[in-house]
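*Asks:* One file: coords.tsv (TSV, C-alpha atoms and all ligand atoms).
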chain	number	residue	atom	x	y	z
A	1	MET	CA	0.00	0.00	0.00
A	2	ARG	CA	1.47	3.30	-1.11
A	3	LEU	CA	0.20	5.42	1.79
A	4	GLN	CA	0.13	2.81	4.56
A	5	ASP	CA	-0.56	4.42	7.96
A	6	LYS	CA	-0.10	7.97	6.69
A	7	ASN	CA	-2.46	10.56	8.14
A	8	ILE	CA	-3.90	12.83	5.46
A	9	ILE	CA	-6.20	15.86	5.50
A	10	VAL	CA	-8.22	16.74	2.39
A	11	THR	CA	-9.96	20.15	2.40
A	12	GLY	CA	-13.09	20.28	0.28
A	13	GLY	CA	-13.01	16.51	0.71
A	14	ALA	CA	-16.76	15.94	0.53
A	15	SER	CA	-17.14	16.44	-3.23
A	16	GLY	CA	-15.49	16.13	-6.64
A	17	ILE	CA	-11.70	15.96	-6.77
A	18	GLY	CA	-11.42	16.04	-2.97
A	19	LEU	CA	-13.76	13.10	-2.49
A	20	ALA	CA	-12.00	11.04	-5.18
A	21	SER	CA	-8.71	11.76	-3.40
A	22	VAL	CA	-10.11	10.73	-0.04
A	23	LYS	CA	-11.21	7.39	-1.52
A	24	ARG	CA	-7.88	6.83	-3.29
A	25	CYS	CA	-5.92	7.51	-0.09
A	26	LEU	CA	-8.11	5.11	1.88
A	27	GLU	CA	-7.55	2.44	-0.79
A	28	GLU	CA	-3.80	2.88	-0.28
A	29	GLY	CA	-3.91	2.36	3.47
A	30	ALA	CA	-4.05	5.95	4.79
A	31	ASN	CA	-6.15	7.43	7.57
A	32	VAL	CA	-8.01	10.37	6.08
A	33	VAL	CA	-9.72	13.46	7.49
A	34	ILE	CA	-12.41	14.95	5.26
A	35	ALA	CA	-12.44	18.68	6.01
A	36	ASP	CA	-15.37	20.53	4.47
A	37	ILE	CA	-18.03	23.10	5.23
A	38	GLU	CA	-20.99	20.72	4.81
A	39	GLU	CA	-21.42	19.06	8.21
A	40	SER	CA	-24.38	16.71	7.88
A	41	ASP	CA	-23.41	15.17	4.52
A	42	GLY	CA	-19.73	15.03	5.47
A	43	ALA	CA	-20.20	13.18	8.73
A	44	ALA	CA	-22.37	10.49	7.09
A	45	LEU	CA	-19.93	10.15	4.22
A	46	ALA	CA	-16.95	9.69	6.54
A	47	GLN	CA	-18.84	7.10	8.58
A	48	LYS	CA	-19.61	5.09	5.43
A	49	LEU	CA	-16.04	5.26	4.10
A	50	ASP	CA	-14.63	4.41	7.51
A	51	ALA	CA	-16.69	1.22	7.59
A	52	GLU	CA	-15.50	0.21	4.09
A	53	HIS	CA	-11.73	0.57	4.65
A	54	SER	CA	-9.05	-0.60	7.08
A	55	GLY	CA	-7.82	2.98	7.62
A	56	ARG	CA	-9.83	5.50	9.60
A	57	CYS	CA	-11.96	8.14	7.88
A	58	LEU	CA	-12.96	11.14	9.98
A	59	PHE	CA	-14.95	14.25	9.19
A	60	LYS	CA	-14.15	17.68	10.55
A	61	VAL	CA	-15.98	20.89	9.75
A	62	CYS	CA	-13.58	23.43	8.36
A	63	ASP	CA	-14.30	26.59	6.42
A	64	VAL	CA	-10.94	27.58	4.95
A	65	THR	CA	-11.86	31.28	5.24
A	66	ASP	CA	-11.77	30.94	9.05
A	67	THR	CA	-8.27	30.86	10.55
A	68	THR	CA	-9.47	29.47	13.87
A	69	GLN	CA	-11.28	26.56	12.21
A	70	VAL	CA	-8.22	25.80	10.07
A	71	ASP	CA	-5.82	25.84	13.03
A	72	THR	CA	-8.21	23.73	15.08
A	73	LEU	CA	-8.44	21.19	12.24
A	74	PHE	CA	-4.69	20.65	12.30
A	75	ASN	CA	-4.27	20.65	16.08
A	76	ASP	CA	-7.17	18.23	16.56
A	77	THR	CA	-5.97	15.92	13.79
A	78	GLN	CA	-2.47	15.79	15.22
A	79	ALA	CA	-3.84	15.11	18.71
A	80	GLU	CA	-6.18	12.39	17.45
A	81	LEU	CA	-4.04	10.62	14.87
A	82	GLY	CA	-0.54	11.50	16.12
A	83	SER	CA	0.73	13.26	12.99
A	84	VAL	CA	-0.30	14.99	9.77
A	85	ASP	CA	1.76	13.46	6.97
A	86	ALA	CA	0.09	15.00	3.92
A	87	VAL	CA	-2.50	17.63	3.09
A	88	PHE	CA	-4.52	18.21	-0.06
A	89	ASN	CA	-5.25	21.93	-0.01
A	90	ASN	CA	-8.14	21.42	-2.39
A	91	ALA	CA	-11.20	23.43	-1.26
A	92	GLY	CA	-12.22	25.91	-3.92
A	93	ILE	CA	-15.11	27.55	-5.73
A	94	GLY	CA	-15.74	28.72	-9.29
A	95	GLY	CA	-17.59	31.86	-10.31
A	96	LEU	CA	-17.97	33.13	-13.86
A	97	CYS	CA	-18.53	36.87	-14.32
A	98	PRO	CA	-17.39	39.51	-16.80
A	99	SER	CA	-14.76	41.64	-15.05
A	100	ASP	CA	-16.67	44.90	-15.46
A	101	GLU	CA	-19.66	43.36	-13.65
A	102	LEU	CA	-17.73	41.58	-10.87
A	103	SER	CA	-18.65	43.00	-7.45
A	104	ASP	CA	-16.16	43.51	-4.62
A	105	ASP	CA	-17.98	40.89	-2.57
A	106	ASP	CA	-17.81	38.22	-5.27
A	107	TYR	CA	-14.20	39.02	-6.15
A	108	LEU	CA	-13.10	38.94	-2.52
A	109	ARG	CA	-15.00	35.73	-1.74
A	110	ILE	CA	-13.26	33.84	-4.56
A	111	ILE	CA	-9.86	35.17	-3.47
A	112	ASP	CA	-10.58	34.40	0.17
A	113	ILE	CA	-11.40	30.74	-0.47
A	114	ASN	CA	-9.15	29.93	-3.43
A	115	LEU	CA	-6.01	31.87	-2.45
A	116	ASN	CA	-6.14	33.03	1.18
A	117	GLY	CA	-7.67	29.70	2.20
A	118	VAL	CA	-4.78	27.85	0.61
A	119	PHE	CA	-2.36	30.00	2.59
A	120	ARG	CA	-4.23	29.49	5.89
A	121	VAL	CA	-4.20	25.71	5.42
A	122	ALA	CA	-0.57	25.61	4.27
A	123	ARG	CA	0.55	27.74	7.24
A	124	ALA	CA	-1.22	25.48	9.73
A	125	ALA	CA	0.25	22.42	7.99
A	126	LEU	CA	3.77	23.86	8.06
A	127	ARG	CA	3.57	24.49	11.81
A	128	VAL	CA	2.64	20.87	12.48
A	129	MET	CA	5.02	19.44	9.88
A	130	TYR	CA	8.00	21.51	11.07
A	131	ARG	CA	7.52	20.02	14.55
A	132	GLN	CA	7.47	16.55	12.94
A	133	GLY	CA	10.37	17.29	10.56
A	134	SER	CA	8.40	15.82	7.64
A	135	GLY	CA	5.29	16.21	5.52
A	136	SER	CA	3.87	16.87	2.07
A	137	ILE	CA	1.52	19.74	1.17
A	138	VAL	CA	-0.26	19.65	-2.18
A	139	ASN	CA	-2.08	22.79	-3.29
A	140	CYS	CA	-4.83	22.60	-5.88
A	141	ALA	CA	-4.07	25.15	-8.58
A	142	SER	CA	-5.41	24.94	-12.15
A	143	ILE	CA	-4.61	25.36	-15.81
A	144	LEU	CA	-6.14	28.77	-15.04
A	145	GLY	CA	-3.11	29.40	-12.85
A	146	VAL	CA	-1.04	29.65	-16.04
A	147	PHE	CA	-3.67	30.58	-18.69
A	148	GLY	CA	-6.21	33.37	-18.75
A	149	GLN	CA	-9.84	32.82	-19.64
A	150	SER	CA	-12.64	35.33	-20.02
A	151	GLN	CA	-14.99	35.84	-17.04
A	152	THR	CA	-12.53	34.36	-14.53
A	153	ALA	CA	-10.52	37.36	-13.27
A	154	ALA	CA	-10.78	36.47	-9.58
A	155	TYR	CA	-10.34	32.74	-10.15
A	156	THR	CA	-7.28	33.14	-12.39
A	157	ALA	CA	-5.74	35.67	-9.98
A	158	ALA	CA	-6.20	33.21	-7.13
A	159	LYS	CA	-4.88	30.18	-9.00
A	160	GLY	CA	-1.88	32.08	-10.40
A	161	GLY	CA	-1.16	33.11	-6.82
A	162	VAL	CA	-1.37	29.50	-5.67
A	163	VAL	CA	1.15	28.37	-8.30
A	164	ASN	CA	3.75	30.94	-7.29
A	165	MET	CA	3.07	30.75	-3.54
A	166	THR	CA	3.72	27.02	-3.81
A	167	ARG	CA	7.26	27.76	-5.02
A	168	THR	CA	7.98	30.08	-2.11
A	169	LEU	CA	6.58	27.65	0.45
A	170	ALA	CA	8.66	24.86	-1.12
A	171	ILE	CA	11.87	26.89	-0.85
A	172	GLU	CA	11.20	27.83	2.77
A	173	SER	CA	10.22	24.37	3.90
A	174	ALA	CA	12.69	22.14	2.02
A	175	PRO	CA	15.43	22.44	4.69
A	176	LYS	CA	12.85	21.39	7.31
A	177	GLY	CA	11.91	18.14	5.59
A	178	VAL	CA	8.60	19.35	4.12
A	179	ARG	CA	7.66	19.24	0.43
A	180	VAL	CA	5.12	21.62	-1.16
A	181	ASN	CA	3.74	21.08	-4.64
A	182	ALA	CA	0.73	22.11	-6.71
A	183	ILE	CA	-1.50	20.21	-9.12
A	184	GLY	CA	-2.94	22.02	-12.13
A	185	PRO	CA	-6.06	20.18	-13.31
A	186	GLY	CA	-7.59	20.75	-16.71
A	187	TYR	CA	-11.39	20.79	-16.76
A	188	ILE	CA	-12.58	17.95	-14.55
A	189	ASP	CA	-16.07	16.49	-14.42
A	190	THR	CA	-17.24	17.66	-10.98
A	191	PRO	CA	-20.11	19.77	-9.57
A	192	LEU	CA	-17.84	22.83	-10.02
A	193	LEU	CA	-18.71	22.76	-13.71
A	194	ASP	CA	-22.47	22.87	-13.08
A	195	GLU	CA	-22.52	26.61	-13.80
A	196	LEU	CA	-21.39	26.05	-17.42
A	197	ASP	CA	-24.02	25.66	-20.13
A	198	ASP	CA	-23.62	22.88	-22.68
A	199	GLU	CA	-22.21	25.12	-25.39
A	200	MET	CA	-19.51	26.45	-23.06
A	201	LEU	CA	-18.70	22.95	-21.89
A	202	GLN	CA	-18.31	21.62	-25.44
A	203	GLY	CA	-16.04	24.57	-26.26
A	204	LEU	CA	-13.86	23.85	-23.25
A	205	ILE	CA	-13.69	20.13	-24.00
A	206	ALA	CA	-12.43	21.01	-27.49
A	207	LEU	CA	-9.46	22.84	-25.91
A	208	HIS	CA	-8.18	19.55	-24.46
A	209	PRO	CA	-6.25	17.59	-27.14
A	210	MET	CA	-7.57	14.40	-25.52
A	211	GLY	CA	-11.08	15.58	-26.43
A	212	ARG	CA	-12.72	14.97	-23.08
A	213	LEU	CA	-13.02	16.24	-19.52
A	214	GLY	CA	-10.75	14.75	-16.89
A	215	ARG	CA	-12.10	12.44	-14.20
A	216	PRO	CA	-11.69	13.32	-10.50
A	217	GLU	CA	-9.80	10.03	-10.02
A	218	GLU	CA	-7.15	11.23	-12.47
A	219	ILE	CA	-6.36	14.17	-10.18
A	220	ALA	CA	-6.56	11.92	-7.13
A	221	ASN	CA	-3.80	9.76	-8.63
A	222	ALA	CA	-1.55	12.81	-9.02
A	223	PHE	CA	-2.24	13.76	-5.41
A	224	LEU	CA	-1.46	10.21	-4.32
A	225	PHE	CA	1.96	10.40	-6.01
A	226	LEU	CA	2.86	13.82	-4.57
A	227	ALA	CA	1.66	12.86	-1.09
A	228	SER	CA	3.63	9.63	-1.08
A	229	ASP	CA	7.34	8.94	-0.52
A	230	GLU	CA	7.55	8.14	-4.26
A	231	ALA	CA	7.79	11.93	-4.76
A	232	SER	CA	10.62	12.31	-2.22
A	233	PHE	CA	12.69	14.60	-4.54
A	234	VAL	CA	9.74	16.61	-5.89
A	235	THR	CA	9.08	20.03	-4.39
A	236	GLY	CA	7.96	23.39	-5.80
A	237	ALA	CA	6.41	21.69	-8.84
A	238	HIS	CA	3.14	22.55	-10.56
A	239	LEU	CA	2.09	19.21	-11.99
A	240	LEU	CA	-0.34	19.82	-14.86
A	241	VAL	CA	-2.91	17.06	-15.27
A	242	ASP	CA	-4.86	18.48	-18.15
A	243	GLY	CA	-5.29	16.16	-21.13
A	244	GLY	CA	-2.79	18.30	-23.06
A	245	PHE	CA	-4.64	21.63	-22.55
A	246	THR	CA	-1.46	23.59	-21.79
A	247	ALA	CA	0.62	21.81	-24.44
A	248	GLY	CA	-0.84	24.04	-27.15
A	249	LYS	CA	-3.32	23.87	-30.00
A	250	SER	CA	-3.33	21.03	-32.53
A	301	LIG	P1	-16.40	20.68	-5.99
A	301	LIG	O1	-17.33	21.84	-5.95
A	301	LIG	O2	-16.90	19.36	-6.45
A	301	LIG	O3	-15.70	20.48	-4.56
A	301	LIG	C1	-15.22	21.55	-3.82
A	301	LIG	C2	-15.46	21.27	-2.35
A	301	LIG	O4	-14.93	22.37	-1.59
A	301	LIG	C3	-16.97	21.19	-2.02
A	301	LIG	O5	-17.22	20.13	-1.11
A	301	LIG	C4	-17.22	22.54	-1.38
A	301	LIG	O6	-18.33	22.54	-0.50
A	301	LIG	C5	-15.93	22.75	-0.64
A	301	LIG	N1	-15.76	24.12	-0.21
A	301	LIG	C6	-16.22	25.25	-0.83
A	301	LIG	N2	-15.92	26.32	-0.09
A	301	LIG	C7	-15.24	25.87	0.99
A	301	LIG	C8	-14.69	26.50	2.13
A	301	LIG	N3	-14.77	27.82	2.31
A	301	LIG	N4	-14.06	25.75	3.05
A	301	LIG	C9	-14.00	24.40	2.91
A	301	LIG	N5	-14.53	23.73	1.88
A	301	LIG	C10	-15.14	24.47	0.92
A	301	LIG	O7	-15.20	21.18	-6.93
A	301	LIG	P2	-13.94	20.42	-7.55
A	301	LIG	O8	-13.74	19.10	-6.94
A	301	LIG	O9	-14.03	20.54	-9.00
A	301	LIG	O10	-12.79	21.44	-7.09
A	301	LIG	C11	-11.73	21.07	-6.22
A	301	LIG	C12	-10.55	21.97	-6.51
A	301	LIG	O11	-10.12	21.74	-7.85
A	301	LIG	C13	-10.84	23.47	-6.42
A	301	LIG	O12	-9.75	24.11	-5.81
A	301	LIG	C14	-10.96	23.88	-7.88
A	301	LIG	O13	-10.66	25.25	-8.07
A	301	LIG	C15	-9.93	22.97	-8.49
A	301	LIG	N6	-10.08	22.78	-9.93
A	301	LIG	C16	-11.21	22.22	-10.46
A	301	LIG	C17	-11.34	22.07	-11.81
A	301	LIG	C18	-12.56	21.48	-12.43
A	301	LIG	O14	-12.68	21.57	-13.68
A	301	LIG	N7	-13.46	20.85	-11.69
A	301	LIG	C19	-10.28	22.52	-12.73
A	301	LIG	C20	-9.12	23.05	-12.08
A	301	LIG	C21	-9.04	23.19	-10.71
A	301	LIG	P3	-19.79	22.93	-1.12
A	301	LIG	O15	-20.10	21.91	-2.16
A	301	LIG	O16	-20.68	22.87	0.06
A	301	LIG	O17	-19.61	24.31	-1.70
Could you write out this structure as structure tokens?
*Replies:*
Amino acid sequence: MRLQDKNIIVTGGASGIGLASVKRCLEEGANVVIADIEESDGAALAQKLDAEHSGRCLFKVCDVTDTTQVDTLFNDTQAELGSVDAVFNNAGIGGLCPSDELSDDDYLRIIDINLNGVFRVARAALRVMYRQGSGSIVNCASILGVFGQSQTAAYTAAKGGVVNMTRTLAIESAPKGVRVNAIGPGYIDTPLLDELDDEMLQGLIALHPMGRLGRPEEIANAFLFLASDEASFVTGAHLLVDGGFTAGKS
């Protein structure tokens, strides 16, 4: 088992890419904490997954916009499981809007979850992992961290920030035994895409040379690699998992 006995936190773990990653980690022998804002669904989900796997699956409420909740998540997990070996800093939201119509509130909300939230979680993880002298943090970025796209000013600003913040965190933490990487998914078939109409979706699919959306499990596999000791010499990377989207046009 590739993650045997590792303790892993997945933010936004109750849906989409996060949920697929939770399942993949459990399959590989890890104990996993689902951290999400949705309490009732999350608790039932964790109970079900816990019963189906040898590793433990716990649920903890955590809104990544709340520093106290984030710090409590890490302190409680360390107290309960003994360590935090890897984190998938995955919670995020979409939000399409032409830039001239984007309100302060909507702009700031996307930045607060998708960028500031990633920092809050990474900072809490570093504090625990520095004490341990080991750990792996994986931030969820996007192809929209390296490409622009109309109606996504806040989202692209946040994801671009995540890509470059990952490099700084990796440089700071490498001497302390901690690795920090990012994953850049192409368009993945999750509830995040529900706001797209069919025409937009078909247009986006056409931008992937593989001619399809990615599956959440395909991002989970990238997380699994970066979280595991197989990636022991990988830090500061932005691993694009995008069906060729960023390779260019055919
Ligand atoms: P989902 O909407 O399926 O999952 C996101 C999860 O994060 C949900 O459970 C959501 O809860 C939760 N969440 C939202 N806000 C917060 C918060 N403040 N604190 C904690 N949890 C929160 O989306 P995906 O699985 O698609 O997205 C996961 C990550 O992947 C995001 O960072 C996204 O930007 C990134 N990504 C996704 C792509 C895609 O095409 N799907 C492409 C590139 C990157 P709730 O459902 O209650 O809102």
*Asks:* As a list in words, please: the residues near Thr235 in chain A (cut-off 7 Å, all atoms listed in the file, same-chain neighbours under 3 positions excluded).
*Replies:*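 Here the qualifying residues turn out to be Ala170, Arg179, Val180 and Asn181 of chain A.
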*Asks:* To check your reading of the model: which residues sit at most 7 Å from ligand LIG 301 (chain A) when counting only C-alpha atoms and all ligand atoms? Write the answer as an NGL selection string.
*Replies:* :A and (11-18 or 35-38 or 62-65 or 90-94 or 113-114 or 140-143 or 184-193)
*Asks:* From the set A:Leu3, A:Asp100, A:Thr156, A:Glu172, which residue has the shortest atom-to-atom contact distance to Gly29 in chain A, counting only C-alpha atoms?
*Replies:*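 The answer is A:Leu3, which sits nearest to Gly29 in chain A.
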*Asks:* Residues within 9 Å of range 202-213 of chain A, please, as a PyMOL selection string. Count all atoms listed in the file; anything in the same chain fewer than 4 positions from it doesn't count.
*Replies:* chain A and resi 186-189+197-198+242-250
*Asks:* Here is a test: counting only C-alpha atoms, which residue of A:Lys23, A:Lys176, A:His53, A:Lys6 is nearest to Gly133 in chain A?
*Replies:*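 For Gly133 in chain A, the nearest of the given residues is A:Lys176.
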*Asks:* Out of A:Ile137, A:Ala153, A:Leu58, A:Leu226, which residue has the shortest atom-to-atom distance to Ala44 in chain A when counting all atoms listed in the file?
*Replies:*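 That would be A:Leu58, the residue with the smallest distance to Ala44 in chain A.
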*Asks:* What is the CA of Ala237 in chain A-CA of Ala125 in chain A distance in Å, reported with one decimal?
*Replies:*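 About the pair CA of Ala237 in chain A and CA of Ala125 in chain A: they are 17.9 Å apart.
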*Asks:* Measure the distance from CA of Asp112 in chain A to CA of Leu239 in chain A in Å and round it to one decimal.
*Replies:*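 Between these atoms lies a distance of 23.2 Å.
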*Asks:* In Å, rounded to a single decimal, give me how far CA of Ser54 in chain A is from CA of Arg127 in chain A.
*Replies:*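 Taking CA of Arg127 in chain A and CA of Ser54 in chain A, their separation equals 28.5 Å.
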*Asks:* Check the smallest atom-to-atom distance from each of A:Gly236, A:Gly82, A:Gly42, A:Gly148 to Arg131 in chain A using all atoms listed in the file, then report the winner.
*Replies:* A:Gly82
*Asks:* Which of these, A:Leu240, A:Glu195, A:Val234, A:Val84, has the shortest distance to Phe147 in chain A once you count only C-alpha atoms?
*Replies:*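 Of A:Leu240, A:Glu195, A:Val234, A:Val84, the one nearest Phe147 in chain A is A:Leu240, counting only C-alpha atoms.
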*Asks:* I need the residue nearest Arg109 in chain A from this list: A:Cys57, A:Val121, A:Met1, A:Ala154. Use all atoms listed in the file for the distance.
*Replies:*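 Among A:Cys57, A:Val121, A:Met1, A:Ala154, it is A:Ala154 that comes nearest to Arg109 in chain A.
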*Asks:* Would you mind listing what lies within 10 Å of Arg123 in chain A as a list in words, with all atoms listed in the file counted and same-chain residues fewer than 4 positions away left out?
*Replies:*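 Here the qualifying residues turn out to be Thr67, Val70, Asp71, Gly117, Val118, Phe119, Arg127, Val128, Met129 and Leu169 of chain A.
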